Amino acid sequence: AQSVTQLGSHVSVSEGALVLLRCNYSSSVPPYLFWYVQYPNQGLQLLLKYTTGATLVKGINGFEAEFKKSETSFHLTKPSAHMSDAAEYFCAVSTLDTGRRALTFGSGTRLQVQP
Amino acid sequence: GAVVSQHPSWVICKSGTSVKIECRSLDFQATTMFWYRQFPKQSLMLMATSNEGSKATYEQGVEKDKFLINHASLTLSTLTVTSAHPEDSSFYICSAAGTAYEQYFGPGTRLTVT
């Protein structure tokens with residue numbers, strides 16, 4: 001079985017400040033990890049993903065995440081927050097464990113950006 | 001990237017009626033689609049996995065007779081909420097499986113049952 005824990009349901013930062021959204025996963029097999037962003041009343045947009053290879057993954061809108069196997073973490077960062085980054089962010093994991101390719105989502109983190 | 005559409009984006013229905021939600025992959029063929037449910041300010045919960053040409057696989061606790069899923073073609077999956085009740089009001093999101101275990105999500109359908 002796999003699971004995802006997102007620490008902090010709400011994160012507030014000032015515009016221009018560093019954004020750090022935390023994600024830890026649990027998986028008995030090598031995971032595929034994803035970060036999605038959701039704006040109000042919309043579906044999910046993929047920010048970035050880790051499958052294999054380089055552990056530092058760069059995504060859209062200046063976001064990046066680093067896969068740390070020893071810490072079972074996949075934290076999302078952005079050096080400088082923009083007002084348009086305010087949204088809900090979901091970390092998700094998928095494995096070959098069941099072969100179903102289903103995603104297991106974390107509970108989400110709402111990012112607020114203060115002017 | 002791949003585009004997935006959902007129709008309708010918003011629907012209100014009376015209790016006891018049925019509602020059909022369509023999910024289409026517009027520019028690629030999806031042998032597998034997923035249906036999720038999201039309550040306000042909560043995460044997405046997988047309801048079922050829809051495979052083209054075969055019966056859907058439902059998650060534990062999801063009533064298959066209430067949430068009918070049909071995946072008749074490689075670009076279309078439908079979710080029908082039968083005999084809807086107010087507790088079925090939710091945001092329903094579909095996704096289509098791409099490569100590398102990536103999923104492309106539709107914009108969601110907000111269902112309100114009065």
# chains A, B, ... in the order shown; residues from 1 in each chain; ligands from 1
call {"tool": "select_by_dssp", "arguments": {"residues": "chain A", "states": "strand (DSSP E)", "output": "number ranges by chain"}}
result
A: 3-5, 10-14, 19-21, 24-26, 32-38, 44-50, 56-58, 64-68, 73-78, 87-94, 104-105, 109-114
call {"tool": "interface_residues", "arguments": {"of": "chain A", "to": "chain B", "cutoff": "12 Å", "atoms": "only C-alpha atoms", "output": "MDAnalysis selection string"}}
result
chainID A and resid 4:6 9:10 31:52 87:96 99:110
call {"tool": "write_last_selection", "arguments": {"atoms": "C-alpha atoms", "output": "PDB file, in the first residue's frame"}}
result
ATOM      1  CA  VAL A   4       1.153  10.472   1.019  1.00  0.00           C
ATOM      2  CA  THR A   5       1.410  12.956   3.855  1.00  0.00           C
ATOM      3  CA  GLN A   6       1.450  16.669   3.268  1.00  0.00           C
ATOM      4  CA  SER A   9      -2.809  22.237   5.310  1.00  0.00           C
ATOM      5  CA  HIS A  10      -2.203  25.979   4.950  1.00  0.00           C
ATOM      6  CA  PRO A  31       7.413   5.339  -6.389  1.00  0.00           C
ATOM      7  CA  TYR A  32       6.491   7.723  -9.107  1.00  0.00           C
ATOM      8  CA  LEU A  33       5.842  11.116  -7.505  1.00  0.00           C
ATOM      9  CA  PHE A  34       3.823  14.059  -8.720  1.00  0.00           C
ATOM     10  CA  TRP A  35       2.867  17.562  -7.700  1.00  0.00           C
ATOM     11  CA  TYR A  36      -0.384  19.005  -8.995  1.00  0.00           C
ATOM     12  CA  VAL A  37      -1.893  22.468  -8.580  1.00  0.00           C
ATOM     13  CA  GLN A  38      -5.601  23.184  -8.417  1.00  0.00           C
ATOM     14  CA  TYR A  39      -7.199  26.585  -8.808  1.00  0.00           C
ATOM     15  CA  PRO A  40     -10.740  27.128  -7.465  1.00  0.00           C
ATOM     16  CA  ASN A  41     -13.398  25.125  -9.269  1.00  0.00           C
ATOM     17  CA  GLN A  42     -10.894  23.695 -11.715  1.00  0.00           C
ATOM     18  CA  GLY A  43      -9.238  20.377 -12.348  1.00  0.00           C
ATOM     19  CA  LEU A  44      -5.644  19.542 -11.569  1.00  0.00           C
ATOM     20  CA  GLN A  45      -2.649  20.740 -13.513  1.00  0.00           C
ATOM     21  CA  LEU A  46       0.614  18.828 -13.392  1.00  0.00           C
ATOM     22  CA  LEU A  47       3.494  20.892 -12.015  1.00  0.00           C
ATOM     23  CA  LEU A  48       6.198  18.251 -12.160  1.00  0.00           C
ATOM     24  CA  LYS A  49       6.896  14.563 -11.779  1.00  0.00           C
ATOM     25  CA  TYR A  50       9.628  12.195 -10.720  1.00  0.00           C
ATOM     26  CA  THR A  51       9.846   8.770 -12.298  1.00  0.00           C
ATOM     27  CA  THR A  52      13.502   7.776 -12.563  1.00  0.00           C
ATOM     28  CA  ALA A  87      -3.816  27.789  -5.042  1.00  0.00           C
ATOM     29  CA  GLU A  88      -4.212  24.293  -3.635  1.00  0.00           C
ATOM     30  CA  TYR A  89      -1.275  21.953  -4.138  1.00  0.00           C
ATOM     31  CA  PHE A  90      -1.464  18.181  -4.075  1.00  0.00           C
ATOM     32  CA  CYS A  91       1.332  15.673  -3.845  1.00  0.00           C
ATOM     33  CA  ALA A  92       0.578  12.246  -5.299  1.00  0.00           C
ATOM     34  CA  VAL A  93       2.237   8.874  -5.614  1.00  0.00           C
ATOM     35  CA  SER A  94       1.805   6.036  -8.054  1.00  0.00           C
ATOM     36  CA  THR A  95       3.519   2.678  -8.060  1.00  0.00           C
ATOM     37  CA  LEU A  96       3.562  -0.548  -9.948  1.00  0.00           C
ATOM     38  CA  GLY A  99      -0.505  -2.211 -11.736  1.00  0.00           C
ATOM     39  CA  ARG A 100      -3.573  -0.058 -11.779  1.00  0.00           C
ATOM     40  CA  ARG A 101      -1.705   3.195 -12.326  1.00  0.00           C
ATOM     41  CA  ALA A 102      -3.978   4.914  -9.854  1.00  0.00           C
ATOM     42  CA  LEU A 103      -2.792   7.965  -7.986  1.00  0.00           C
ATOM     43  CA  THR A 104      -2.908   8.311  -4.242  1.00  0.00           C
ATOM     44  CA  PHE A 105      -3.181  11.947  -3.220  1.00  0.00           C
ATOM     45  CA  GLY A 106      -2.109  13.779  -0.137  1.00  0.00           C
ATOM     46  CA  SER A 107      -4.607  15.921   1.708  1.00  0.00           C
ATOM     47  CA  GLY A 108      -3.456  19.072  -0.033  1.00  0.00           C
ATOM     48  CA  THR A 109      -1.806  22.326   1.021  1.00  0.00           C
ATOM     49  CA  ARG A 110      -3.420  25.679   0.431  1.00  0.00           C
TER      50      ARG A 110
END
call {"tool": "closest_residue", "arguments": {"among": "B:Ala2, B:Ile12, B:Ala84, B:Ala96", "to": "Trp35 (chain B)", "atoms": "only C-alpha atoms"}}
result
B:Ala96
call {"tool": "closest_residue", "arguments": {"among": "B:Ser89, B:His7, B:Ser15, B:Leu26", "to": "Gln38 (chain B)", "atoms": "only C-alpha atoms"}}
result
B:Ser89
call {"tool": "residues_around", "arguments": {"residues": "Thr72 (chain A)", "least_positions_apart": "6", "cutoff": "8 Å", "atoms": "only C-alpha atoms", "output": "list in words"}}
result
Asn24, Tyr25 and Ser26 of chain A
call {"tool": "atom_distance", "arguments": {"atom1": "CA of Ser3 (chain A)", "atom2": "CA of Val29 (chain A)"}}
result
11.9 Å
call {"tool": "residues_around", "arguments": {"residues": "Phe67 (chain A)", "least_positions_apart": "4", "cutoff": "9 Å", "atoms": "only C-alpha atoms", "output": "VMD selection string"}}
result
chain A and resid 33 50 54 to 57 71 to 75
call {"tool": "closest_residue", "arguments": {"among": "A:His82, A:Ile60, A:Gln112, A:Gly53", "to": "Leu21 (chain A)", "atoms": "only C-alpha atoms"}}
result
A:Gln112
call {"tool": "residues_around", "arguments": {"residues": "Glu63 (chain B)", "least_positions_apart": "2", "cutoff": "12 Å", "atoms": "only C-alpha atoms", "output": "PyMOL selection string"}}
result
chain B and resi 47-48+56-61+65-69+80-82+88
call {"tool": "select_by_dssp", "arguments": {"residues": "chain A", "states": "helix (DSSP H, G or I)", "output": "list in words"}}
result
Ile60, Asn61, Gly62, Met83, Ser84 and Asp85 of chain A
call {"tool": "write_last_selection", "arguments": {"atoms": "N, CA, C and O atoms", "output": "PDB file, in the first residue's frame"}}
result
ATOM      1  N   ILE A  60       6.897  23.423 -14.148  1.00  0.00           N
ATOM      2  CA  ILE A  60       6.430  24.669 -14.735  1.00  0.00           C
ATOM      3  C   ILE A  60       6.336  25.763 -13.675  1.00  0.00           C
ATOM      4  O   ILE A  60       6.355  25.484 -12.480  1.00  0.00           O
ATOM      5  N   ASN A  61       6.255  27.001 -14.146  1.00  0.00           N
ATOM      6  CA  ASN A  61       6.051  28.158 -13.266  1.00  0.00           C
ATOM      7  C   ASN A  61       7.153  28.329 -12.220  1.00  0.00           C
ATOM      8  O   ASN A  61       6.921  28.929 -11.177  1.00  0.00           O
ATOM      9  N   GLY A  62       8.349  27.830 -12.498  1.00  0.00           N
ATOM     10  CA  GLY A  62       9.477  28.036 -11.600  1.00  0.00           C
ATOM     11  C   GLY A  62       9.553  27.096 -10.414  1.00  0.00           C
ATOM     12  O   GLY A  62      10.396  27.253  -9.538  1.00  0.00           O
ATOM     13  N   MET A  83       1.945  36.239  -6.680  1.00  0.00           N
ATOM     14  CA  MET A  83       0.540  36.239  -6.276  1.00  0.00           C
ATOM     15  C   MET A  83      -0.258  35.154  -7.003  1.00  0.00           C
ATOM     16  O   MET A  83      -1.161  34.536  -6.421  1.00  0.00           O
ATOM     17  N   SER A  84       0.101  34.891  -8.240  1.00  0.00           N
ATOM     18  CA  SER A  84      -0.624  33.900  -9.040  1.00  0.00           C
ATOM     19  C   SER A  84      -0.363  32.466  -8.576  1.00  0.00           C
ATOM     20  O   SER A  84      -1.009  31.539  -9.068  1.00  0.00           O
ATOM     21  N   ASP A  85       0.571  32.296  -7.640  1.00  0.00           N
ATOM     22  CA  ASP A  85       0.845  30.945  -7.120  1.00  0.00           C
ATOM     23  C   ASP A  85      -0.180  30.515  -6.071  1.00  0.00           C
ATOM     24  O   ASP A  85      -0.192  29.352  -5.654  1.00  0.00           O
TER      25      ASP A  85
END
call {"tool": "atom_distance", "arguments": {"atom1": "CA of Leu20 (chain A)", "atom2": "CA of Pro115 (chain A)"}}
result
17.5 Å
call {"tool": "atom_distance", "arguments": {"atom1": "CA of Gln29 (chain B)", "atom2": "CA of Thr75 (chain B)"}}
result
5.5 Å
call {"tool": "decode", "arguments": {"residues": "region 5-88 of chain A", "atoms": "C-alpha atoms", "output": "mmCIF file, in the first residue's frame"}}
result
data_model
loop_
_atom_site.group_PDB
_atom_site.id
_atom_site.type_symbol
_atom_site.label_atom_id
_atom_site.label_comp_id
_atom_site.auth_asym_id
_atom_site.auth_seq_id
_atom_site.Cartn_x
_atom_site.Cartn_y
_atom_site.Cartn_z
ATOM 1 C CA THR A 5 1.410 12.956 3.855
ATOM 2 C CA GLN A 6 1.450 16.669 3.268
ATOM 3 C CA LEU A 7 2.555 18.604 6.304
ATOM 4 C CA GLY A 8 0.658 21.825 6.730
ATOM 5 C CA SER A 9 -2.809 22.237 5.310
ATOM 6 C CA HIS A 10 -2.203 25.979 4.950
ATOM 7 C CA VAL A 11 1.002 27.812 4.121
ATOM 8 C CA SER A 12 1.227 31.575 3.888
ATOM 9 C CA VAL A 13 4.194 33.412 2.404
ATOM 10 C CA SER A 14 4.915 36.949 1.304
ATOM 11 C CA GLU A 15 5.248 37.769 -2.357
ATOM 12 C CA GLY A 16 8.870 37.213 -3.338
ATOM 13 C CA ALA A 17 9.564 34.823 -0.480
ATOM 14 C CA LEU A 18 10.605 31.199 -0.722
ATOM 15 C CA VAL A 19 7.837 28.648 -1.100
ATOM 16 C CA LEU A 20 8.296 25.263 0.574
ATOM 17 C CA LEU A 21 5.506 22.694 0.536
ATOM 18 C CA ARG A 22 6.277 19.421 2.243
ATOM 19 C CA CYS A 23 5.416 15.946 1.062
ATOM 20 C CA ASN A 24 6.378 12.582 2.489
ATOM 21 C CA TYR A 25 5.378 9.285 0.994
ATOM 22 C CA SER A 26 5.172 5.684 2.004
ATOM 23 C CA SER A 27 5.676 2.952 -0.544
ATOM 24 C CA SER A 28 7.062 -0.553 -0.499
ATOM 25 C CA VAL A 29 8.269 -0.260 -4.091
ATOM 26 C CA PRO A 30 9.952 2.554 -6.017
ATOM 27 C CA PRO A 31 7.413 5.339 -6.389
ATOM 28 C CA TYR A 32 6.491 7.723 -9.107
ATOM 29 C CA LEU A 33 5.842 11.116 -7.505
ATOM 30 C CA PHE A 34 3.823 14.059 -8.720
ATOM 31 C CA TRP A 35 2.867 17.562 -7.700
ATOM 32 C CA TYR A 36 -0.384 19.005 -8.995
ATOM 33 C CA VAL A 37 -1.893 22.468 -8.580
ATOM 34 C CA GLN A 38 -5.601 23.184 -8.417
ATOM 35 C CA TYR A 39 -7.199 26.585 -8.808
ATOM 36 C CA PRO A 40 -10.740 27.128 -7.465
ATOM 37 C CA ASN A 41 -13.398 25.125 -9.269
ATOM 38 C CA GLN A 42 -10.894 23.695 -11.715
ATOM 39 C CA GLY A 43 -9.238 20.377 -12.348
ATOM 40 C CA LEU A 44 -5.644 19.542 -11.569
ATOM 41 C CA GLN A 45 -2.649 20.740 -13.513
ATOM 42 C CA LEU A 46 0.614 18.828 -13.392
ATOM 43 C CA LEU A 47 3.494 20.892 -12.015
ATOM 44 C CA LEU A 48 6.198 18.251 -12.160
ATOM 45 C CA LYS A 49 6.896 14.563 -11.779
ATOM 46 C CA TYR A 50 9.628 12.195 -10.720
ATOM 47 C CA THR A 51 9.846 8.770 -12.298
ATOM 48 C CA THR A 52 13.502 7.776 -12.563
ATOM 49 C CA GLY A 53 16.832 9.450 -13.101
ATOM 50 C CA ALA A 54 17.753 12.872 -11.769
ATOM 51 C CA THR A 55 16.332 13.416 -8.319
ATOM 52 C CA LEU A 56 15.976 17.175 -8.709
ATOM 53 C CA VAL A 57 13.025 17.781 -10.948
ATOM 54 C CA LYS A 58 12.132 21.111 -12.492
ATOM 55 C CA GLY A 59 8.562 21.894 -13.391
ATOM 56 C CA ILE A 60 6.430 24.669 -14.735
ATOM 57 C CA ASN A 61 6.051 28.158 -13.266
ATOM 58 C CA GLY A 62 9.477 28.036 -11.600
ATOM 59 C CA PHE A 63 8.679 25.152 -9.254
ATOM 60 C CA GLU A 64 11.031 22.300 -8.516
ATOM 61 C CA ALA A 65 11.114 19.295 -6.222
ATOM 62 C CA GLU A 66 13.771 16.926 -4.995
ATOM 63 C CA PHE A 67 13.247 13.218 -4.485
ATOM 64 C CA LYS A 68 15.051 12.083 -1.348
ATOM 65 C CA LYS A 69 14.740 8.351 -0.949
ATOM 66 C CA SER A 70 16.450 8.282 2.440
ATOM 67 C CA GLU A 71 13.917 10.765 3.789
ATOM 68 C CA THR A 72 10.986 9.450 1.721
ATOM 69 C CA SER A 73 10.306 13.041 0.794
ATOM 70 C CA PHE A 74 9.420 15.018 -2.301
ATOM 71 C CA HIS A 75 9.159 18.623 -1.148
ATOM 72 C CA LEU A 76 8.073 21.324 -3.585
ATOM 73 C CA THR A 77 9.943 24.636 -3.696
ATOM 74 C CA LYS A 78 9.948 27.907 -5.552
ATOM 75 C CA PRO A 79 12.554 30.595 -4.876
ATOM 76 C CA SER A 80 10.217 33.564 -5.167
ATOM 77 C CA ALA A 81 6.452 33.427 -4.688
ATOM 78 C CA HIS A 82 4.108 35.253 -7.007
ATOM 79 C CA MET A 83 0.540 36.239 -6.276
ATOM 80 C CA SER A 84 -0.624 33.900 -9.040
ATOM 81 C CA ASP A 85 0.845 30.945 -7.120
ATOM 82 C CA ALA A 86 -1.997 31.100 -4.605
ATOM 83 C CA ALA A 87 -3.816 27.789 -5.042
ATOM 84 C CA GLU A 88 -4.212 24.293 -3.635
#
